[in-house]
Every structure is written in structure tokens, then in C-alpha cells.
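Here is the structure we will look at, set down as C-alpha cells.
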2 protein chains.
Amino acid sequence: MIEVYTQSLSQELFAPFGDVIEVSGTPDKMINKAMCGRFHDRAHLQTDPEGRLGLSLFQSQSFALPLMLEMVERHPLGSQAFIPMHQNPFLVIVAPDQAGQPGTPLAFVTNGAQAVNIGRDIWHGVLTPLADPGLFTVIDRIGSGNNLEEFWYKTPFRIIPN
Amino acid sequence: MIEVYTQSLSQELFAPFGDVIEVSGTPDKMINKAMCGRFHDRAHLQTDPEGRLGLSLFQSQSFALPLMLEMVERHPLGSQAFIPMHQNPFLVIVAPDQAGQPGTPLAFVTNGAQAVNIGRDIWHGVLTPLADPGLFTVIDRIGSGNNLEEFWYKTPFRIIPN
């Protein structure tokens, strides 16, 4: 069994896989009589032309570390953004593609004020909140067609807190 | 000065103005080995064809009740969803349209697990978190063209906690 240690989520490390959605730098615009900063257009939301972007809620049970990772999945027709409706860190697992199959996964932990947008066709683990309530808004592609591919690793990975 | 008392946000009361995004009823689908419920397609995200739906962050200072409401605005080209990235209630002010001008506003307070999607062309107040951090993900229309109309009431309203 291969061990994978978690690491802190950052835009730099996550760039090959999608967007870290977080307040960083100065706002692109101050609005509402300067009461509010707008950090504009911070995710590459993707859908094929046959689909559309929709908004759903995911309510998930929480997971404890270490955990066994047996499966990752990807969505060939669109991106998938996970927006926590709480301030609890959650686990984001992604894996590079290697000739159509996922390689060794990376496991990121958010800082409590970060959301993520996982790119189209990027291998990733299922939603893994680390605390209750595991409530998230999800922005993803809605439409007909097969938008899910799963891959089961021959040997599971053990995800261990760093 | 007219006084407006806040009321609890509910799908029923908010229906003329947009969507209350919340877990209600049974999940439309259980996913992730039944660890997670998906409440599917819970908002009417709207944009004109010249625009696209985008994701931004709003970081707002918080407001205290009672507050004075002088202005509401509306977006003729698309909807605007406000997703709290915390569990604190926030204030949602909307107003019915009366021959092109906003009528008496309604003031709703969320329960800490609700987001809202304000419909296209619906009069509403600016983002008014009631606690820090006032961090929200916003899904709205991004594109050129004038998507903002403001209306200043001759006499401000006083929004009072119920």
C-alpha cells in the first residue's frame, strides 16, 4: 500500500487540476459604497455545448483521516466546483492523467476559506469533508450524456495527515 | 420613515423573487457509495446569450440591525446567486416591482444553511452579511453591457429585527 501525505492547498500546487477559489490580492472592484470587494471571475467553469451550468447541493457525511482511497473519477463534459457552506477544511484529492489512467494521487487540505473548481477531465476523489456539516454548493454541468468515468486502483492508497 | 420587520427566509415567501438554495426533502440522488446526497439543480441561473455565468467572491463588511435602506438595485441581464462560505445568517432584501419602480421592501434573514439566487430583474438590496467574515461565492452573469439599475427611495426604510 502506498502512503500519500496531505498538503496545504495552494493555487500554485493546484493549477494543473483546476482553480483554488479564494480571496487573494486586492479586490478587482470595490462595490456597495466600498463595503464589499469583488474578486471577479475566479473559476474556469466549463460545460460542453449540449449541457449547461447548474447549481446543486451536496450533503455528505464526513470522513476521518487516515482514509483509504480506492477510486477516482473524472467528468469529460464539464468542470465541477465545490463551495463549502461552512468554514471547515475539507480534503481535495486529484491525480494526474497518465495515458488515460490516473497516476499517484495528491491530497490537499483547504484552509477553511477556500473552494475549488476541478477542471474537466481531471481525475479526482469524491467529496470528502473532514467535519460536519458536509454541506457544499456544487456548480457543474447538467445535461444528458455520460459525464462520469470511474477508475479503481489495483492497490488502494492510504491518505495520511501531514 | 417606514419600518420593515425582518422575517425568516423560506422558499414559499421568496418564490416571487428567486430561489432559496437549501437542503429540503430527500436527496434527488445518493452518490459516493451512499455517503452523499445530491439535491439536484436547485437554482434558476439566468444569463442573456451575450453573457456567460461566472463565479466570483464577494468579501463584505458586516452590517448591524436595525439598518437604513436607501437603495435597491436590479440586474436586467441575469440572475445573481449568493452562497455563504460560513454558517452565519445574512440579510436578504428584495422588493416587488411596481410599474418599473420598487415597492416596499421585504427583509429576510437566512438560517445559516441557506443560499439564495435572486432572479433577473428583481429589485434587491446589496449584500448584507450580519456577521464576519462576510465571505460569499457569487454566481452571476459576466459580460459587457449595462447589467445594473439602481433605485434610490425618496424616504429610506428602517429594517428592524423581528
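In the C-alpha cells, chains take letters A, B, ... by order of appearance, with residues numbered from 1 within each chain and ligands from 1 in the order shown.
The residue set within 6 Å of Arg120 in chain A, counting only C-alpha atoms and dropping same-chain residues fewer than 3 places from it, reads His75, Pro76, Gly78 and Ser79 of chain A.
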Please list as a list in words every residue within 8 Å of range 43-52 of chain B, counting only C-alpha atoms and excluding residues in the same chain fewer than 5 positions away.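 After dropping sequence-adjacent residues, the list is Gly54, Leu55 and Ser56 of chain A; Gly18, Asp19, Val20, Ile21, Leu77, Gly78, Ser79, Gln80, Ala81, Asn117, Gly119, Arg120, Asp140, Arg141, Ile142, Gly143 and Ser144 of chain B.
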Output file for the residues above (N, CA and C atoms, as a PDB file, in the first residue's frame):
ATOM      1  N   GLY A  54     -25.220  24.265 -13.890  1.00  0.00           N
ATOM      2  CA  GLY A  54     -26.297  24.249 -12.920  1.00  0.00           C
ATOM      3  C   GLY A  54     -25.760  24.285 -11.508  1.00  0.00           C
ATOM      4  N   LEU A  55     -26.668  24.537 -10.578  1.00  0.00           N
ATOM      5  CA  LEU A  55     -26.302  24.650  -9.170  1.00  0.00           C
ATOM      6  C   LEU A  55     -27.025  23.565  -8.369  1.00  0.00           C
ATOM      7  N   SER A  56     -26.276  22.781  -7.629  1.00  0.00           N
ATOM      8  CA  SER A  56     -26.846  21.724  -6.788  1.00  0.00           C
ATOM      9  C   SER A  56     -26.231  21.810  -5.402  1.00  0.00           C
TER      10      SER A  56
ATOM     11  N   GLY B  18     -36.973  34.622  -6.481  1.00  0.00           N
ATOM     12  CA  GLY B  18     -35.850  33.776  -6.854  1.00  0.00           C
ATOM     13  C   GLY B  18     -35.901  32.451  -6.118  1.00  0.00           C
ATOM     14  N   ASP B  19     -34.725  31.869  -5.914  1.00  0.00           N
ATOM     15  CA  ASP B  19     -34.632  30.545  -5.311  1.00  0.00           C
ATOM     16  C   ASP B  19     -33.979  30.609  -3.935  1.00  0.00           C
ATOM     17  N   VAL B  20     -34.566  29.917  -2.974  1.00  0.00           N
ATOM     18  CA  VAL B  20     -33.856  29.618  -1.734  1.00  0.00           C
ATOM     19  C   VAL B  20     -33.125  28.306  -1.968  1.00  0.00           C
ATOM     20  N   ILE B  21     -31.821  28.327  -1.818  1.00  0.00           N
ATOM     21  CA  ILE B  21     -30.990  27.155  -2.070  1.00  0.00           C
ATOM     22  C   ILE B  21     -30.688  26.513  -0.729  1.00  0.00           C
ATOM     23  N   LEU B  77     -29.876  41.611 -16.988  1.00  0.00           N
ATOM     24  CA  LEU B  77     -29.325  40.620 -17.923  1.00  0.00           C
ATOM     25  C   LEU B  77     -29.084  39.243 -17.301  1.00  0.00           C
ATOM     26  N   GLY B  78     -29.279  39.109 -15.985  1.00  0.00           N
ATOM     27  CA  GLY B  78     -29.020  37.789 -15.412  1.00  0.00           C
ATOM     28  C   GLY B  78     -29.351  37.721 -13.942  1.00  0.00           C
ATOM     29  N   SER B  79     -29.378  36.492 -13.435  1.00  0.00           N
ATOM     30  CA  SER B  79     -29.617  36.238 -12.013  1.00  0.00           C
ATOM     31  C   SER B  79     -28.322  36.420 -11.231  1.00  0.00           C
ATOM     32  N   GLN B  80     -28.435  36.358  -9.915  1.00  0.00           N
ATOM     33  CA  GLN B  80     -27.263  36.506  -9.041  1.00  0.00           C
ATOM     34  C   GLN B  80     -27.466  35.629  -7.806  1.00  0.00           C
ATOM     35  N   ALA B  81     -26.609  34.618  -7.695  1.00  0.00           N
ATOM     36  CA  ALA B  81     -26.683  33.708  -6.543  1.00  0.00           C
ATOM     37  C   ALA B  81     -25.628  34.088  -5.510  1.00  0.00           C
ATOM     38  N   ASN B 117     -30.667  32.612  -4.749  1.00  0.00           N
ATOM     39  CA  ASN B 117     -30.447  33.069  -6.118  1.00  0.00           C
ATOM     40  C   ASN B 117     -31.521  34.101  -6.432  1.00  0.00           C
ATOM     41  N   GLY B 119     -33.487  36.449  -8.821  1.00  0.00           N
ATOM     42  CA  GLY B 119     -33.830  36.363 -10.237  1.00  0.00           C
ATOM     43  C   GLY B 119     -33.430  37.606 -11.018  1.00  0.00           C
ATOM     44  N   ARG B 120     -33.328  37.420 -12.329  1.00  0.00           N
ATOM     45  CA  ARG B 120     -33.080  38.529 -13.240  1.00  0.00           C
ATOM     46  C   ARG B 120     -34.171  39.573 -13.065  1.00  0.00           C
ATOM     47  N   ASP B 140     -22.952  34.869 -11.081  1.00  0.00           N
ATOM     48  CA  ASP B 140     -23.770  35.810 -11.830  1.00  0.00           C
ATOM     49  C   ASP B 140     -23.296  35.953 -13.258  1.00  0.00           C
ATOM     50  N   ARG B 141     -23.967  36.796 -13.974  1.00  0.00           N
ATOM     51  CA  ARG B 141     -23.711  36.982 -15.392  1.00  0.00           C
ATOM     52  C   ARG B 141     -22.481  37.850 -15.574  1.00  0.00           C
ATOM     53  N   ILE B 142     -21.570  37.373 -16.400  1.00  0.00           N
ATOM     54  CA  ILE B 142     -20.363  38.130 -16.714  1.00  0.00           C
ATOM     55  C   ILE B 142     -20.375  38.424 -18.210  1.00  0.00           C
ATOM     56  N   GLY B 143     -20.132  39.672 -18.544  1.00  0.00           N
ATOM     57  CA  GLY B 143     -20.129  40.051 -19.949  1.00  0.00           C
ATOM     58  C   GLY B 143     -20.255  41.564 -20.070  1.00  0.00           C
ATOM     59  N   SER B 144     -20.200  42.063 -21.272  1.00  0.00           N
ATOM     60  CA  SER B 144     -20.318  43.502 -21.482  1.00  0.00           C
ATOM     61  C   SER B 144     -21.794  43.902 -21.478  1.00  0.00           C
TER      62      SER B 144
END
Please report as a PyMOL selection string which residues of chain B come no farther than 8 Å from chain A, using only C-alpha atoms. chain B and resi 21-23+32+35-43+45+53-61+83-87+113+126-127+137+142
Could you tell me, as a VMD selection string, which residues of range 1-141 of chain B DSSP assigns to strand (DSSP E) when given the backbone? chain B and resid 2 to 8 18 to 21 29 to 31 36 to 39 52 to 60 67 to 74 80 to 84 90 to 95 97 to 98 101 to 102 106 to 109 115 to 118 123 to 124 128 to 129 134 to 141
Contacts of range 92-109 of chain B at 9 Å or less, counting only C-alpha atoms, minus same-chain residues fewer than 4 places along, as a CSV table (one decimal) with N, CA and C atoms, in the first residue's frame?
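Result written to selection39.csv:
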chain,number,residue,atom,x,y,z
B,2,ILE,N,-40.6,54.5,7.1
B,2,ILE,CA,-41.3,53.3,7.2
B,2,ILE,C,-40.5,52.2,7.8
B,4,VAL,N,-39.7,48.2,8.4
B,4,VAL,CA,-39.9,46.9,7.9
B,4,VAL,C,-39.2,45.9,8.8
B,5,TYR,N,-40.0,44.9,9.2
B,5,TYR,CA,-39.5,43.9,10.1
B,5,TYR,C,-39.0,42.7,9.4
B,6,THR,N,-37.9,42.2,9.8
B,6,THR,CA,-37.3,41.0,9.2
B,6,THR,C,-38.2,39.8,9.4
B,7,GLN,N,-38.1,38.9,8.5
B,7,GLN,CA,-38.8,37.6,8.7
B,7,GLN,C,-37.9,36.5,8.3
B,8,SER,N,-38.2,35.3,8.7
B,8,SER,CA,-37.3,34.1,8.3
B,8,SER,C,-37.5,33.8,6.9
B,9,LEU,N,-36.4,33.5,6.2
B,9,LEU,CA,-36.4,33.2,4.8
B,9,LEU,C,-37.0,31.8,4.6
B,10,SER,N,-37.9,31.7,3.6
B,10,SER,CA,-38.5,30.4,3.3
B,10,SER,C,-38.7,30.4,1.8
B,14,PHE,N,-40.2,33.4,-0.6
B,14,PHE,CA,-39.2,34.0,-1.5
B,14,PHE,C,-39.5,33.7,-3.0
B,16,PRO,N,-41.5,34.5,-5.4
B,16,PRO,CA,-41.6,35.5,-6.4
B,16,PRO,C,-40.3,36.2,-6.8
B,17,PHE,N,-39.3,36.0,-6.0
B,17,PHE,CA,-38.0,36.8,-6.2
B,17,PHE,C,-36.9,35.9,-6.6
B,69,LEU,N,-32.3,51.4,4.8
B,69,LEU,CA,-32.3,51.0,3.4
B,69,LEU,C,-32.6,52.2,2.6
B,72,VAL,N,-32.1,50.2,-3.7
B,72,VAL,CA,-32.1,48.8,-4.2
B,72,VAL,C,-31.6,48.8,-5.6
B,73,GLU,N,-31.3,47.6,-6.1
B,73,GLU,CA,-30.8,47.5,-7.5
B,73,GLU,C,-31.3,46.3,-8.1
B,116,VAL,N,-29.1,32.0,-1.6
B,116,VAL,CA,-30.2,32.5,-2.4
B,116,VAL,C,-29.7,32.8,-3.8
B,118,ILE,N,-31.1,35.3,-6.6
B,118,ILE,CA,-32.0,36.4,-6.9
B,118,ILE,C,-32.2,36.5,-8.4
B,121,ASP,N,-33.8,40.8,-13.0
B,121,ASP,CA,-34.7,42.0,-13.0
B,121,ASP,C,-35.4,42.1,-11.6
B,122,ILE,N,-35.0,41.4,-10.6
B,122,ILE,CA,-35.6,41.5,-9.3
B,122,ILE,C,-34.9,42.6,-8.5
B,123,TRP,N,-35.7,43.5,-8.0
B,123,TRP,CA,-35.1,44.5,-7.1
B,123,TRP,C,-34.6,43.9,-5.8
B,124,HIS,N,-33.4,44.3,-5.4
B,124,HIS,CA,-32.8,43.7,-4.2
B,124,HIS,C,-31.8,44.7,-3.6
B,125,GLY,N,-31.6,44.5,-2.3
B,125,GLY,CA,-30.6,45.3,-1.6
B,125,GLY,C,-29.2,44.7,-1.8
B,126,VAL,N,-28.2,45.5,-1.5
B,126,VAL,CA,-26.8,45.0,-1.7
B,126,VAL,C,-26.6,43.9,-0.6
B,127,LEU,N,-25.5,43.1,-0.8
B,127,LEU,CA,-25.1,42.0,0.1
B,127,LEU,C,-25.0,42.6,1.5
B,128,THR,N,-25.7,41.9,2.4
B,128,THR,CA,-25.7,42.4,3.8
B,128,THR,C,-25.5,41.3,4.8
B,129,PRO,N,-24.2,40.8,4.9
B,129,PRO,CA,-24.0,39.9,6.0
B,129,PRO,C,-24.2,40.5,7.3
B,151,PHE,N,-32.0,52.1,-7.8
B,151,PHE,CA,-33.2,53.0,-7.4
B,151,PHE,C,-33.0,53.5,-6.0
B,153,TYR,N,-34.7,55.3,-2.9
B,153,TYR,CA,-36.0,55.6,-2.4
B,153,TYR,C,-36.0,57.1,-1.9
B,157,PHE,N,-36.1,53.2,4.3
B,157,PHE,CA,-36.8,52.3,5.2
B,157,PHE,C,-35.8,51.9,6.3
B,159,ILE,N,-34.9,48.9,8.6
B,159,ILE,CA,-35.1,47.4,8.7
B,159,ILE,C,-34.8,47.0,10.1
B,160,ILE,N,-35.8,46.4,10.7
B,160,ILE,CA,-35.7,46.1,12.2
B,160,ILE,C,-35.8,44.6,12.4
B,161,PRO,N,-35.0,44.1,13.3
B,161,PRO,CA,-35.1,42.6,13.6
B,161,PRO,C,-36.4,42.3,14.2
